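This is run_12.txt (compact mmCIF, C-alpha atoms and all ligand atoms).
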# COMPACT_ATOMS: atom_id res chain seq x y z
CA MET A 1 141.30 89.64 -80.34
CA LEU A 2 137.68 88.85 -81.23
CA LYS A 3 135.54 91.65 -82.60
CA ASP A 4 132.06 92.21 -81.13
CA GLY A 5 130.39 89.24 -82.83
CA ALA A 6 129.18 86.09 -81.18
CA VAL A 7 131.04 82.79 -81.45
CA TRP A 8 130.38 79.19 -80.52
CA ALA A 9 132.72 78.60 -77.61
CA LEU A 10 133.39 75.28 -75.91
CA GLY A 11 133.95 75.33 -72.16
CA ALA A 12 135.49 72.53 -70.12
CA MET A 13 135.55 72.05 -66.37
CA SER A 14 137.23 69.39 -64.25
CA GLY A 15 135.83 70.14 -60.81
CA THR A 16 136.96 69.60 -57.25
CA SER A 17 134.84 66.49 -56.76
CA LEU A 18 137.20 64.73 -59.23
CA ASP A 19 134.39 62.79 -60.92
CA GLY A 20 135.20 63.77 -64.50
CA VAL A 21 135.29 66.50 -67.14
CA ASP A 22 132.19 68.42 -68.31
CA ALA A 23 132.14 70.17 -71.67
CA ALA A 24 129.49 72.43 -73.18
CA MET A 25 129.02 74.64 -76.22
CA LEU A 26 127.71 78.16 -75.79
CA HIS A 27 126.84 80.78 -78.40
CA THR A 28 127.77 84.12 -76.89
CA ASP A 29 129.36 87.49 -77.51
CA GLY A 30 130.80 87.41 -73.96
CA VAL A 31 127.95 89.56 -72.67
CA ARG A 32 124.67 87.88 -73.64
CA ILE A 33 123.82 84.21 -73.89
CA LEU A 34 122.50 83.70 -77.42
CA ASP A 35 122.08 79.94 -77.36
CA PHE A 36 123.06 76.81 -75.49
CA GLY A 37 124.65 74.01 -77.52
CA THR A 38 125.55 70.38 -77.14
CA CYS A 39 127.40 69.08 -74.13
CA GLY A 40 129.30 65.99 -72.99
CA TYR A 41 130.95 64.32 -70.05
CA ARG A 42 134.06 62.16 -69.72
CA ALA A 43 134.26 60.35 -66.35
CA TYR A 44 137.62 59.67 -64.74
CA SER A 45 138.26 55.96 -64.13
CA ALA A 46 138.94 54.90 -60.54
CA GLU A 47 142.63 54.71 -61.39
CA GLU A 48 142.69 58.18 -62.96
CA ARG A 49 140.83 59.63 -59.97
CA ALA A 50 143.36 58.05 -57.60
CA THR A 51 146.20 59.65 -59.60
CA LEU A 52 144.51 63.07 -59.35
CA LYS A 53 143.73 62.63 -55.67
CA ALA A 54 147.37 61.82 -54.97
CA ALA A 55 148.35 65.08 -56.71
CA LEU A 56 146.00 67.31 -54.66
CA GLY A 57 147.82 70.00 -52.74
CA ARG A 58 150.76 69.98 -55.15
CA TRP A 59 152.24 73.10 -56.75
CA PRO A 60 153.80 73.29 -60.24
CA GLY A 61 157.03 71.36 -60.44
CA ALA A 62 158.31 67.85 -60.83
CA GLY A 63 156.26 64.75 -60.10
CA LEU A 64 153.01 65.76 -61.77
CA LYS A 65 153.55 63.99 -65.08
CA ASP A 66 150.98 61.26 -64.47
CA ALA A 67 148.29 63.63 -63.19
CA GLN A 68 148.92 66.01 -66.10
CA ALA A 69 148.55 63.13 -68.56
CA VAL A 70 145.22 62.17 -66.96
CA VAL A 71 143.86 65.71 -67.26
CA GLU A 72 145.09 66.27 -70.81
CA THR A 73 144.04 62.87 -72.16
CA ALA A 74 140.54 63.22 -70.73
CA HIS A 75 140.18 66.72 -72.21
CA VAL A 76 141.51 65.80 -75.64
CA GLU A 77 139.21 62.76 -75.81
CA LEU A 78 136.16 64.79 -74.84
CA LEU A 79 136.81 68.11 -76.55
CA SER A 80 137.71 66.60 -79.91
CA GLN A 81 134.06 65.51 -80.16
CA PHE A 82 132.97 69.15 -80.70
CA PRO A 83 134.18 70.05 -84.19
CA GLY A 84 132.18 73.32 -84.38
CA ALA A 85 134.03 75.06 -81.56
CA GLN A 86 135.65 78.38 -82.52
CA LEU A 87 137.26 78.96 -79.14
CA VAL A 88 137.87 76.73 -76.11
CA GLY A 89 137.75 77.76 -72.45
CA PHE A 90 139.89 75.27 -70.51
CA HIS A 91 139.77 75.51 -66.72
CA GLY A 92 142.01 72.51 -65.92
CA GLN A 93 142.07 70.70 -62.59
CA THR A 94 142.61 72.72 -59.43
CA LEU A 95 145.26 70.96 -57.36
CA ALA A 96 145.95 73.69 -54.82
CA HIS A 97 144.44 77.05 -53.95
CA ASP A 98 146.05 79.45 -51.48
CA PRO A 99 145.34 82.91 -52.89
CA LYS A 100 146.86 84.81 -49.98
CA GLY A 101 149.95 82.59 -49.95
CA ARG A 102 151.39 80.46 -52.72
CA GLY A 103 148.74 81.31 -55.31
CA THR A 104 146.46 78.98 -57.20
CA HIS A 105 147.30 75.95 -59.31
CA GLN A 106 145.18 74.56 -62.15
CA LEU A 107 146.82 71.55 -63.77
CA GLY A 108 146.78 71.29 -67.57
CA ASP A 109 148.64 72.96 -70.42
CA GLY A 110 146.34 75.08 -72.60
CA ALA A 111 149.04 75.58 -75.23
CA ALA A 112 149.36 71.82 -75.74
CA LEU A 113 145.57 71.51 -75.90
CA ALA A 114 145.38 74.24 -78.56
CA LYS A 115 147.77 72.22 -80.74
CA HIS A 116 145.87 68.96 -80.18
CA LEU A 117 142.50 70.54 -80.99
CA ASN A 118 143.79 72.95 -83.63
CA CYS A 119 141.71 75.67 -81.98
CA PRO A 120 142.53 78.71 -79.82
CA VAL A 121 142.37 77.89 -76.13
CA VAL A 122 141.84 80.34 -73.26
CA TRP A 123 143.22 78.99 -69.97
CA ASP A 124 144.89 79.92 -66.67
CA PHE A 125 141.80 81.92 -65.72
CA ARG A 126 142.60 82.46 -62.06
CA SER A 127 146.21 83.55 -61.63
CA ALA A 128 145.93 87.16 -62.86
CA ASP A 129 143.17 87.84 -60.35
CA VAL A 130 145.26 86.30 -57.54
CA ALA A 131 148.34 88.28 -58.62
CA LEU A 132 146.25 91.45 -58.28
CA GLY A 133 145.15 90.57 -54.75
CA GLY A 134 141.90 88.73 -55.55
CA GLU A 135 140.76 85.31 -54.36
CA GLY A 136 140.94 83.90 -57.91
CA ALA A 137 137.57 82.23 -57.24
CA PRO A 138 134.71 81.90 -57.72
CA LEU A 139 134.70 82.87 -61.40
CA ALA A 140 131.29 81.58 -62.49
CA PRO A 141 129.49 84.69 -61.08
CA PHE A 142 129.90 86.78 -64.28
CA PHE A 143 128.15 83.94 -66.11
CA HIS A 144 125.48 83.81 -63.38
CA TRP A 145 124.79 87.48 -64.17
CA ALA A 146 124.29 86.54 -67.84
CA CYS A 147 122.05 83.60 -66.82
CA ALA A 148 119.94 85.83 -64.57
CA ARG A 149 119.34 88.23 -67.47
CA HIS A 150 118.78 85.34 -69.90
CA ILE A 151 115.98 83.88 -67.78
CA GLY A 152 114.38 87.33 -67.49
CA ALA A 153 114.94 87.84 -63.76
CA THR A 154 114.29 91.43 -62.74
CA ARG A 155 114.99 91.22 -59.01
CA PRO A 156 118.02 89.86 -57.13
CA ILE A 157 118.36 86.08 -57.11
CA CYS A 158 121.06 83.69 -55.90
CA PHE A 159 122.84 80.89 -57.71
CA LEU A 160 124.18 78.20 -55.44
CA ASN A 161 126.69 75.72 -56.85
CA LEU A 162 126.96 72.54 -54.80
CA GLY A 163 130.04 70.86 -56.24
CA GLY A 164 132.98 69.49 -54.27
CA VAL A 165 133.04 72.94 -52.66
CA GLY A 166 129.94 75.17 -52.47
CA ASN A 167 129.76 78.67 -53.87
CA LEU A 168 127.05 81.30 -53.79
CA THR A 169 126.38 84.21 -56.13
CA TRP A 170 123.93 86.98 -55.29
CA VAL A 171 123.12 88.83 -58.50
CA ASP A 172 121.16 91.97 -59.26
CA PRO A 173 120.05 91.49 -62.88
CA SER A 174 119.14 95.16 -63.26
CA ALA A 175 122.88 95.97 -63.52
CA ASN A 176 123.86 96.43 -67.16
CA ARG A 177 127.32 94.96 -66.71
CA PRO A 178 128.55 92.25 -64.35
CA GLU A 179 131.53 94.36 -63.25
CA THR A 180 129.28 97.24 -62.07
CA ASP A 181 129.58 97.89 -58.33
CA GLY A 182 126.71 96.16 -56.57
CA ALA A 183 125.81 93.82 -59.45
CA LEU A 184 127.34 90.75 -57.81
CA LEU A 185 128.46 89.39 -54.48
CA ALA A 186 130.02 85.94 -54.56
CA PHE A 187 132.07 83.61 -52.40
CA ASP A 188 132.63 79.98 -51.48
CA THR A 189 130.15 78.94 -48.79
CA GLY A 190 132.09 75.96 -47.47
CA PRO A 191 132.65 72.33 -48.26
CA ALA A 192 129.78 70.63 -50.12
CA ASN A 193 130.12 67.16 -51.69
CA ALA A 194 133.89 66.58 -51.47
CA PRO A 195 133.95 65.56 -47.79
CA ILE A 196 130.82 63.40 -48.22
CA ASN A 197 132.51 61.63 -51.14
CA ASP A 198 135.65 61.17 -49.04
CA LEU A 199 133.63 59.76 -46.13
CA VAL A 200 131.66 57.20 -48.14
CA GLY A 201 134.76 56.37 -50.20
CA GLU A 202 136.87 55.70 -47.10
CA ARG A 203 134.21 53.75 -45.19
CA LEU A 204 132.17 52.01 -47.88
CA GLY A 205 134.15 52.24 -51.12
CA LEU A 206 131.39 54.36 -52.74
CA ASP A 207 131.84 57.35 -55.08
CA CYS A 208 129.15 59.44 -53.40
CA ASP A 209 126.08 59.22 -51.15
CA ARG A 210 123.80 58.76 -54.16
CA ASP A 211 120.41 60.44 -53.70
CA GLY A 212 121.32 60.96 -50.04
CA ALA A 213 120.49 57.29 -49.44
CA LEU A 214 122.78 57.06 -46.42
CA ALA A 215 122.17 60.53 -44.97
CA ARG A 216 118.39 60.04 -45.02
CA LYS A 217 118.78 57.11 -42.58
CA GLY A 218 120.87 59.13 -40.11
CA GLN A 219 120.60 62.02 -37.67
CA VAL A 220 122.61 65.23 -37.67
CA GLU A 221 124.91 65.28 -34.62
CA GLU A 222 124.39 68.81 -33.33
CA GLY A 223 127.64 68.94 -31.31
CA ALA A 224 129.74 68.19 -34.39
CA LEU A 225 127.75 70.73 -36.40
CA GLU A 226 128.39 73.42 -33.79
CA LEU A 227 132.13 72.73 -33.76
CA PHE A 228 132.15 72.94 -37.55
CA LEU A 229 130.34 76.30 -37.56
CA ASP A 230 132.88 77.61 -35.06
CA GLU A 231 135.51 77.64 -37.82
CA GLY A 232 136.93 81.13 -38.47
CA TYR A 233 136.03 80.91 -42.17
CA PHE A 234 132.37 81.53 -41.39
CA ARG A 235 133.15 84.80 -39.61
CA LYS A 236 135.16 86.13 -42.54
CA MET A 237 133.41 88.69 -44.74
CA PRO A 238 133.13 87.83 -48.45
CA PRO A 239 134.55 87.63 -51.01
CA LYS A 240 136.41 84.55 -49.80
CA SER A 241 137.37 81.22 -51.31
CA LEU A 242 138.43 77.75 -50.27
CA ASP A 243 140.68 74.92 -51.30
CA ARG A 244 139.01 71.50 -51.65
CA ASP A 245 140.52 70.11 -48.47
CA ASP A 246 140.49 73.22 -46.26
CA PHE A 247 137.90 71.54 -44.06
CA SER A 248 139.60 68.18 -43.58
CA LEU A 249 138.64 68.49 -39.88
CA MET A 250 135.13 67.43 -40.90
CA LEU A 251 136.17 63.79 -41.16
CA ASP A 252 137.54 63.95 -37.59
CA LEU A 253 134.34 65.53 -36.29
CA VAL A 254 132.25 62.59 -37.49
CA ARG A 255 134.79 59.81 -36.89
CA GLU A 256 132.91 58.25 -33.96
CA LEU A 257 129.49 58.38 -35.66
CA SER A 258 127.73 55.57 -37.53
CA ASP A 259 127.95 55.72 -41.33
CA ALA A 260 124.40 57.09 -41.63
CA ASP A 261 124.81 59.70 -38.86
CA ALA A 262 128.19 60.76 -40.27
CA ALA A 263 126.68 61.24 -43.75
CA ALA A 264 123.67 63.11 -42.33
CA THR A 265 125.94 65.34 -40.26
CA MET A 266 128.22 66.17 -43.19
CA THR A 267 125.22 66.92 -45.38
CA GLY A 268 123.93 69.15 -42.58
CA MET A 269 127.31 70.90 -42.41
CA ALA A 270 127.23 71.69 -46.13
CA ALA A 271 123.68 73.06 -45.83
CA ALA A 272 124.46 75.03 -42.65
CA ALA A 273 127.46 76.63 -44.36
CA VAL A 274 125.11 77.88 -47.10
CA MET A 275 122.66 79.24 -44.52
CA GLN A 276 125.49 81.13 -42.82
CA GLY A 277 126.60 82.45 -46.19
CA MET A 278 123.15 83.73 -47.08
CA GLU A 279 123.44 86.21 -44.20
CA HIS A 280 125.97 88.12 -46.30
CA CYS A 281 123.56 88.83 -49.18
CA PRO A 282 123.09 92.59 -49.71
CA SER A 283 119.30 92.03 -49.88
CA PRO A 284 117.08 88.97 -49.60
CA PRO A 285 116.98 87.17 -52.95
CA ASP A 286 113.69 86.22 -54.64
CA ARG A 287 114.86 82.60 -54.85
CA VAL A 288 117.93 80.39 -54.74
CA LEU A 289 118.67 78.44 -57.91
CA VAL A 290 120.82 75.40 -57.22
CA THR A 291 123.34 73.98 -59.66
CA GLY A 292 126.04 71.30 -59.35
CA GLY A 293 125.75 67.67 -58.24
CA GLY A 294 124.41 68.50 -54.78
CA ARG A 295 121.05 69.51 -56.23
CA LYS A 296 120.47 65.80 -56.89
CA ASN A 297 120.78 65.01 -53.19
CA PRO A 298 117.22 65.31 -51.83
CA VAL A 299 118.42 65.35 -48.22
CA MET A 300 120.66 68.37 -48.89
CA MET A 301 117.89 70.13 -50.86
CA ARG A 302 115.34 69.52 -48.10
CA MET A 303 117.70 70.92 -45.46
CA LEU A 304 118.17 74.04 -47.57
CA SER A 305 114.46 74.50 -48.23
CA VAL A 306 113.71 74.21 -44.52
CA GLY A 307 116.58 76.46 -43.47
CA LEU A 308 116.33 79.32 -45.98
CA ASP A 309 113.73 82.08 -46.05
CA CYS A 310 113.13 81.96 -49.81
CA PRO A 311 112.21 79.27 -52.36
CA VAL A 312 115.01 76.87 -53.32
CA HIS A 313 114.88 75.26 -56.79
CA PRO A 314 117.22 73.32 -59.06
CA VAL A 315 118.27 75.50 -62.02
CA GLU A 316 116.35 73.13 -64.31
CA ASP A 317 113.17 74.88 -63.08
CA VAL A 318 114.24 77.96 -65.07
CA GLY A 319 115.47 75.99 -68.10
CA LEU A 320 119.19 75.84 -67.25
CA ASP A 321 121.35 72.71 -67.05
CA GLY A 322 122.82 72.22 -63.58
CA ASP A 323 125.31 69.60 -64.77
CA MET A 324 126.80 71.93 -67.34
CA LEU A 325 126.64 75.43 -65.87
CA GLU A 326 130.33 75.52 -64.92
CA ALA A 327 131.47 74.26 -68.33
CA GLN A 328 129.22 76.88 -69.95
CA ALA A 329 130.70 79.47 -67.58
CA PHE A 330 134.21 78.80 -68.88
CA ALA A 331 132.98 79.02 -72.48
CA TYR A 332 131.48 82.42 -71.60
CA LEU A 333 134.61 83.58 -69.77
CA ALA A 334 136.82 82.47 -72.68
CA VAL A 335 134.91 84.78 -75.01
CA ARG A 336 135.18 87.61 -72.49
CA VAL A 337 138.95 87.11 -72.33
CA ALA A 338 139.20 87.05 -76.13
CA ARG A 339 137.19 90.29 -76.27
CA GLY A 340 139.28 91.97 -73.56
CA LEU A 341 136.39 92.09 -71.08
CA PRO A 342 136.81 91.57 -67.33
CA THR A 343 136.09 88.18 -65.76
CA SER A 344 136.13 89.13 -62.08
CA ALA A 345 135.48 92.22 -59.98
CA PRO A 346 135.69 93.42 -56.36
CA GLY A 347 132.30 91.84 -55.58
CA THR A 348 133.23 88.40 -56.89
CA THR A 349 136.85 87.82 -55.87
CA GLY A 350 137.77 90.87 -53.79
CA VAL A 351 140.23 92.03 -56.44
CA ALA A 352 140.81 95.80 -56.25
CA ALA A 353 139.34 96.54 -59.69
CA PRO A 354 137.75 94.49 -62.50
CA VAL A 355 140.31 92.22 -64.13
CA GLY A 356 140.41 89.99 -67.18
CA GLY A 357 142.04 86.70 -66.26
CA GLY A 358 143.24 84.06 -68.67
CA GLN A 359 145.79 83.67 -71.39
CA ILE A 360 145.15 82.69 -75.00
CA SER A 361 147.15 80.00 -76.79
CA ARG A 362 146.71 79.56 -80.51
CA PRO A 363 147.76 76.59 -82.64
CA ASP A 364 150.32 77.76 -85.23
CA SER A 365 147.86 77.35 -88.09
CA VAL A 366 144.88 79.23 -86.62
CA ARG A 367 144.34 82.93 -86.10
CA CYS A 368 141.44 84.10 -83.92
N1 LIG B 401 122.38 61.71 -57.38
C1 LIG B 401 123.27 62.26 -56.54
N2 LIG B 401 123.10 62.15 -55.20
C2 LIG B 401 123.97 62.68 -54.34
N3 LIG B 401 125.06 63.36 -54.71
C3 LIG B 401 125.29 63.50 -56.03
C4 LIG B 401 124.41 62.96 -57.01
N4 LIG B 401 124.91 63.28 -58.24
C5 LIG B 401 126.04 63.96 -58.01
N5 LIG B 401 126.28 64.09 -56.70
C6 LIG B 401 127.42 64.73 -56.03
O1 LIG B 401 127.87 65.80 -56.84
C7 LIG B 401 129.27 65.66 -57.13
C8 LIG B 401 129.56 66.24 -58.49
O2 LIG B 401 129.15 67.57 -58.49
P1 LIG B 401 129.75 68.60 -59.51
O3 LIG B 401 129.97 67.92 -60.81
O4 LIG B 401 128.89 69.79 -59.44
O5 LIG B 401 131.15 68.90 -58.81
P2 LIG B 401 132.46 69.57 -59.38
O6 LIG B 401 132.12 70.39 -60.56
O7 LIG B 401 133.48 68.50 -59.52
O8 LIG B 401 132.90 70.47 -58.16
P3 LIG B 401 133.23 72.07 -58.05
O9 LIG B 401 132.00 72.80 -58.45
O10 LIG B 401 133.53 72.20 -56.59
O11 LIG B 401 134.42 72.29 -58.91
C9 LIG B 401 129.54 64.17 -57.05
O12 LIG B 401 130.89 63.89 -56.77
C10 LIG B 401 128.60 63.77 -55.92
O13 LIG B 401 129.20 63.97 -54.68
C1 LIG B 402 140.06 77.31 -56.88
C2 LIG B 402 138.93 76.57 -57.51
O1 LIG B 402 139.09 75.83 -58.45
N1 LIG B 402 137.72 76.78 -56.96
C3 LIG B 402 136.52 76.15 -57.47
C4 LIG B 402 135.95 75.21 -56.41
O2 LIG B 402 134.75 74.58 -56.88
C5 LIG B 402 133.64 75.38 -56.46
C6 LIG B 402 134.28 76.54 -55.79
O3 LIG B 402 135.49 75.96 -55.30
C7 LIG B 402 134.62 77.68 -56.77
O4 LIG B 402 135.30 78.68 -56.05
C8 LIG B 402 135.57 77.23 -57.89
O5 LIG B 402 134.93 76.78 -59.05
C9 LIG B 402 133.91 77.46 -59.73
C10 LIG B 402 133.78 76.87 -61.08
C11 LIG B 402 134.11 78.98 -59.90
O6 LIG B 402 135.24 79.44 -60.02
O7 LIG B 402 133.10 79.66 -59.99
Turn this file's structure into structure tokens for me.
Ligand SMILES: Nc1ncnc2c1ncn2[C@@H]1O[C@H](COP(=O)(O)OP(=O)(O)OP(=O)(O)O)[C@@H](O)[C@H]1O
Ligand SMILES: CC(=O)N[C@H]1[C@@H]2OC[C@@H](O2)[C@@H](O)[C@@H]1O[C@H](C)C(=O)O
Amino acid sequence: MLKDGAVWALGAMSGTSLDGVDAAMLHTDGVRILDFGTCGYRAYSAEERATLKAALGRWPGAGLKDAQAVVETAHVELLSQFPGAQLVGFHGQTLAHDPKGRGTHQLGDGAALAKHLNCPVVWDFRSADVALGGEGAPLAPFFHWACARHIGATRPICFLNLGGVGNLTWVDPSANRPETDGALLAFDTGPANAPINDLVGERLGLDCDRDGALARKGQVEEGALELFLDEGYFRKMPPKSLDRDDFSLMLDLVRELSDADAAATMTGMAAAAVMQGMEHCPSPPDRVLVTGGGRKNPVMMRMLSVGLDCPVHPVEDVGLDGDMLEAQAFAYLAVRVARGLPTSAPGTTGVAAPVGGGQISRPDSVRC
């Protein structure tokens, strides 16, 4: 176990949008952010992405050899470019997430990675929380607490991650620890970019609706939006979490629409899900800081600015890196695990009491 000192940790995230792996160095003692370090990205090729997509929804067992090789190769290639890392936080690729049923499944073997990198690896961050009755997600909120304090926020703010799935964290930075009751409320808002990617992939062979180019030419179909908002998920109280494809009905709702109207409507659905989610905040936040790929979609950002009662900004406006926040989060969480600190709490995953998720694998030759 690490003593109290700070280390340079390397976090890696392969997110639900299946575009690639992000990696980032963070200097932290697991409580404070001391410094941000270098970062990198390793895109999945079209073939690799197809292999991962075919594995979505699968639970541990036979038949995942190819997908596992994709995840591990991409991580080894990327992470071996960071020789200064003292500890690695390896999230892996979520293939399936059903916290109240079969559990949660992140593909990738942290023990094998530790051997390849000759560095201790913290991994399997979600299953302990799920085993104790939590949602197992989102886990970035403890890092959002550290970010809020790092940027000097004194009043509650929200972080909104618009990845494949959206997640929102309301944080009160006056709390001295992230696990304190009332410091954090977090949950998945709804689908964000994943269904838009699926739509433009299926219809036009594109990876994403870059810069909202398609959505900006279309109109939101209000009937489809209403049907979407009728989903039971939006009436559930947080904490709550989603699997990537829990809202596969979205594609059906826009099937008859033109490409532009379908993209506009799906973008509107992602934004409307956030607006619904904001109703759950314990108090109105000063501002919403947006991270994840969706902040680069001006149509989505405009819808949020118009629909929310507080200013909406990309996290870059406060000096953070919205492409790397999740990778940095898993660096931060890795250090917390190594120090025996909790990584989730009732306000973030609904777990009964604060819990430290994650297991540590060490290469034979290294002691942490
Ligand atoms: N310029 C852009 N215009 C529109 N959308 C964009 C742009 N850049 C990125 N995106 C969207 O953001 C997605 C990537 O976001 P991000 O990397 O935050 O997702 P992720 O980490 O895989 O997902 P999650 O947070 O759900 O795990 C892309 O797949 C794309 O849909
Ligand atoms: C099960 C799982 O992998 N969930 C992801 C996903 O992507 C966004 C949202 O849904 C969030 O709950 C989570 O990721 C981020 C990194 C989190 O745990 O905070």
#### Entry: Distance of atom CA of Asn161 of chain A from atom CA of Pro285 of chain A, expressed in Å to one decimal place
15.5 Å
### Query
Given the choices A:Gly63, A:Val121, A:Pro354, A:Gly5, which gets closest to Gly134 of chain A if the distance is worked out from only C-alpha atoms?
A:Pro354
### Nearby polymer residues, ligand LIG 401 (chain B), at most 8 Å, only C-alpha atoms and all ligand atoms, as an MDAnalysis selection string
chainID A and resid 13:20 22 161:167 192:194 196:197 207:213 244 291:298 322:323 326
### Task
Find the residues near Val274 of chain A: any atom within 12 Å, counting all atoms listed in the file, skip ones fewer than 6 places away on the same chain, and give them as number ranges by chain.
A: 158-162, 165-169, 187-192, 229, 234, 267-268, 280-281, 288, 290, 300-301, 303-305, 307-308, 312
Saved selection, atoms kept: C-alpha atoms, as a PDB file, in the frame of the given file:
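Once everything was written out, this is selection-v7.pdb:
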ATOM      1  CA  CYS A 158     121.060  83.690 -55.900  1.00  0.00           C
ATOM      2  CA  PHE A 159     122.840  80.890 -57.710  1.00  0.00           C
ATOM      3  CA  LEU A 160     124.180  78.200 -55.440  1.00  0.00           C
ATOM      4  CA  ASN A 161     126.690  75.720 -56.850  1.00  0.00           C
ATOM      5  CA  LEU A 162     126.960  72.540 -54.800  1.00  0.00           C
ATOM      6  CA  VAL A 165     133.040  72.940 -52.660  1.00  0.00           C
ATOM      7  CA  GLY A 166     129.940  75.170 -52.470  1.00  0.00           C
ATOM      8  CA  ASN A 167     129.760  78.670 -53.870  1.00  0.00           C
ATOM      9  CA  LEU A 168     127.050  81.300 -53.790  1.00  0.00           C
ATOM     10  CA  THR A 169     126.380  84.210 -56.130  1.00  0.00           C
ATOM     11  CA  PHE A 187     132.070  83.610 -52.400  1.00  0.00           C
ATOM     12  CA  ASP A 188     132.630  79.980 -51.480  1.00  0.00           C
ATOM     13  CA  THR A 189     130.150  78.940 -48.790  1.00  0.00           C
ATOM     14  CA  GLY A 190     132.090  75.960 -47.470  1.00  0.00           C
ATOM     15  CA  PRO A 191     132.650  72.330 -48.260  1.00  0.00           C
ATOM     16  CA  ALA A 192     129.780  70.630 -50.120  1.00  0.00           C
ATOM     17  CA  LEU A 229     130.340  76.300 -37.560  1.00  0.00           C
ATOM     18  CA  PHE A 234     132.370  81.530 -41.390  1.00  0.00           C
ATOM     19  CA  THR A 267     125.220  66.920 -45.380  1.00  0.00           C
ATOM     20  CA  GLY A 268     123.930  69.150 -42.580  1.00  0.00           C
ATOM     21  CA  HIS A 280     125.970  88.120 -46.300  1.00  0.00           C
ATOM     22  CA  CYS A 281     123.560  88.830 -49.180  1.00  0.00           C
ATOM     23  CA  VAL A 288     117.930  80.390 -54.740  1.00  0.00           C
ATOM     24  CA  VAL A 290     120.820  75.400 -57.220  1.00  0.00           C
ATOM     25  CA  MET A 300     120.660  68.370 -48.890  1.00  0.00           C
ATOM     26  CA  MET A 301     117.890  70.130 -50.860  1.00  0.00           C
ATOM     27  CA  MET A 303     117.700  70.920 -45.460  1.00  0.00           C
ATOM     28  CA  LEU A 304     118.170  74.040 -47.570  1.00  0.00           C
ATOM     29  CA  SER A 305     114.460  74.500 -48.230  1.00  0.00           C
ATOM     30  CA  GLY A 307     116.580  76.460 -43.470  1.00  0.00           C
ATOM     31  CA  LEU A 308     116.330  79.320 -45.980  1.00  0.00           C
ATOM     32  CA  VAL A 312     115.010  76.870 -53.320  1.00  0.00           C
TER      33      VAL A 312
END
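Nearest residue to Gly319 of chain A among A:His150, A:His105, A:His116, A:Arg336 is A:His150, counting all atoms listed in the file.
For the pair atom CA of Arg216 of chain A and atom CA of Val315 of chain A, the interatomic distance is 23.0 Å.
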### Message
Report, in Å with one decimal, the straight-line distance from atom CA of Ala186 of chain A to atom CA of Trp170 of chain A.
### Response
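One can read the atom CA of Ala186 of chain A to atom CA of Trp170 of chain A distance as 6.2 Å.
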Taking all atoms of ligand LIG 402 (chain B) that the file lists, what box with edges along x, y and z, padded by 8 Å per side, do you get, with centre and edge lengths in Å to one decimal, as AutoDock Vina command-line options?
--center_x 136.6 --center_y 77.1 --center_z -58.2 --size_x 23.0 --size_y 21.1 --size_z 21.8
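Among A:Glu316, A:Asp98, A:Asp129, A:Glu256, the residue with the shortest atom-to-atom distance to ligand LIG 402 (chain B), counting only C-alpha atoms and all ligand atoms, is A:Asp98.
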### Task
Select, from A:Glu135, A:Glu279, A:Asp321, A:Asp252, the residue with the minimum atom-to-atom distance to ligand LIG 402 (chain B), counting only C-alpha atoms and all ligand atoms.
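Ranking A:Glu135, A:Glu279, A:Asp321, A:Asp252 by distance to ligand LIG 402 (chain B), first place goes to A:Glu135.
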### Query
For Asp246 of chain A, which residue out of A:Thr349, A:Ala55, A:Gln68, A:His97 is the nearest one, using all atoms listed in the file?
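Going through A:Thr349, A:Ala55, A:Gln68, A:His97 one by one, the smallest distance to Asp246 of chain A is for A:His97.
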### Query
Could you pull the residues within 8 Å of Met324 of chain A, counting only C-alpha atoms, minus those fewer than 4 positions along the same chain, as a ChimeraX atom specification?
/A:22-24,39,328
Would you mind exporting C-alpha atoms of the selected residues as a PDB file, keeping the file's coordinate frame?
ATOM      1  CA  ASP A  22     132.190  68.420 -68.310  1.00  0.00           C
ATOM      2  CA  ALA A  23     132.140  70.170 -71.670  1.00  0.00           C
ATOM      3  CA  ALA A  24     129.490  72.430 -73.180  1.00  0.00           C
ATOM      4  CA  CYS A  39     127.400  69.080 -74.130  1.00  0.00           C
ATOM      5  CA  GLN A 328     129.220  76.880 -69.950  1.00  0.00           C
TER       6      GLN A 328
END
### Query
Of the residues A:Ala338, A:Val76, A:Leu242, A:Ala54, which is the one nearest to ligand LIG 402 (chain B), using only C-alpha atoms and all ligand atoms?
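Smallest distance to ligand LIG 402 (chain B) is found for A:Leu242.
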### Task
Can you pull out every residue within 6 Å of Pro120 of chain A, counting only C-alpha atoms, but drop anything in the same chain fewer than 6 positions away, and send it as a list of chain:residue names?
A:Leu87, A:Ala114, A:Ser361, A:Arg362
Do you know which residues lie at most 9 Å from (127.8, 53.6, -40.2), with coordinates as in the file and all atoms listed in the file counted, and could you write them as an mmCIF file with C-alpha atoms, in the frame of the given file?
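The resulting part-v7.cif:
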data_model
loop_
_atom_site.group_PDB
_atom_site.id
_atom_site.type_symbol
_atom_site.label_atom_id
_atom_site.label_comp_id
_atom_site.auth_asym_id
_atom_site.auth_seq_id
_atom_site.Cartn_x
_atom_site.Cartn_y
_atom_site.Cartn_z
ATOM 1 C CA ARG A 203 134.210 53.750 -45.190
ATOM 2 C CA LEU A 204 132.170 52.010 -47.880
ATOM 3 C CA LEU A 214 122.780 57.060 -46.420
ATOM 4 C CA GLY A 218 120.870 59.130 -40.110
ATOM 5 C CA LEU A 257 129.490 58.380 -35.660
ATOM 6 C CA SER A 258 127.730 55.570 -37.530
ATOM 7 C CA ASP A 259 127.950 55.720 -41.330
ATOM 8 C CA ALA A 260 124.400 57.090 -41.630
ATOM 9 C CA ASP A 261 124.810 59.700 -38.860
ATOM 10 C CA ALA A 262 128.190 60.760 -40.270
ATOM 11 C CA ALA A 263 126.680 61.240 -43.750
#
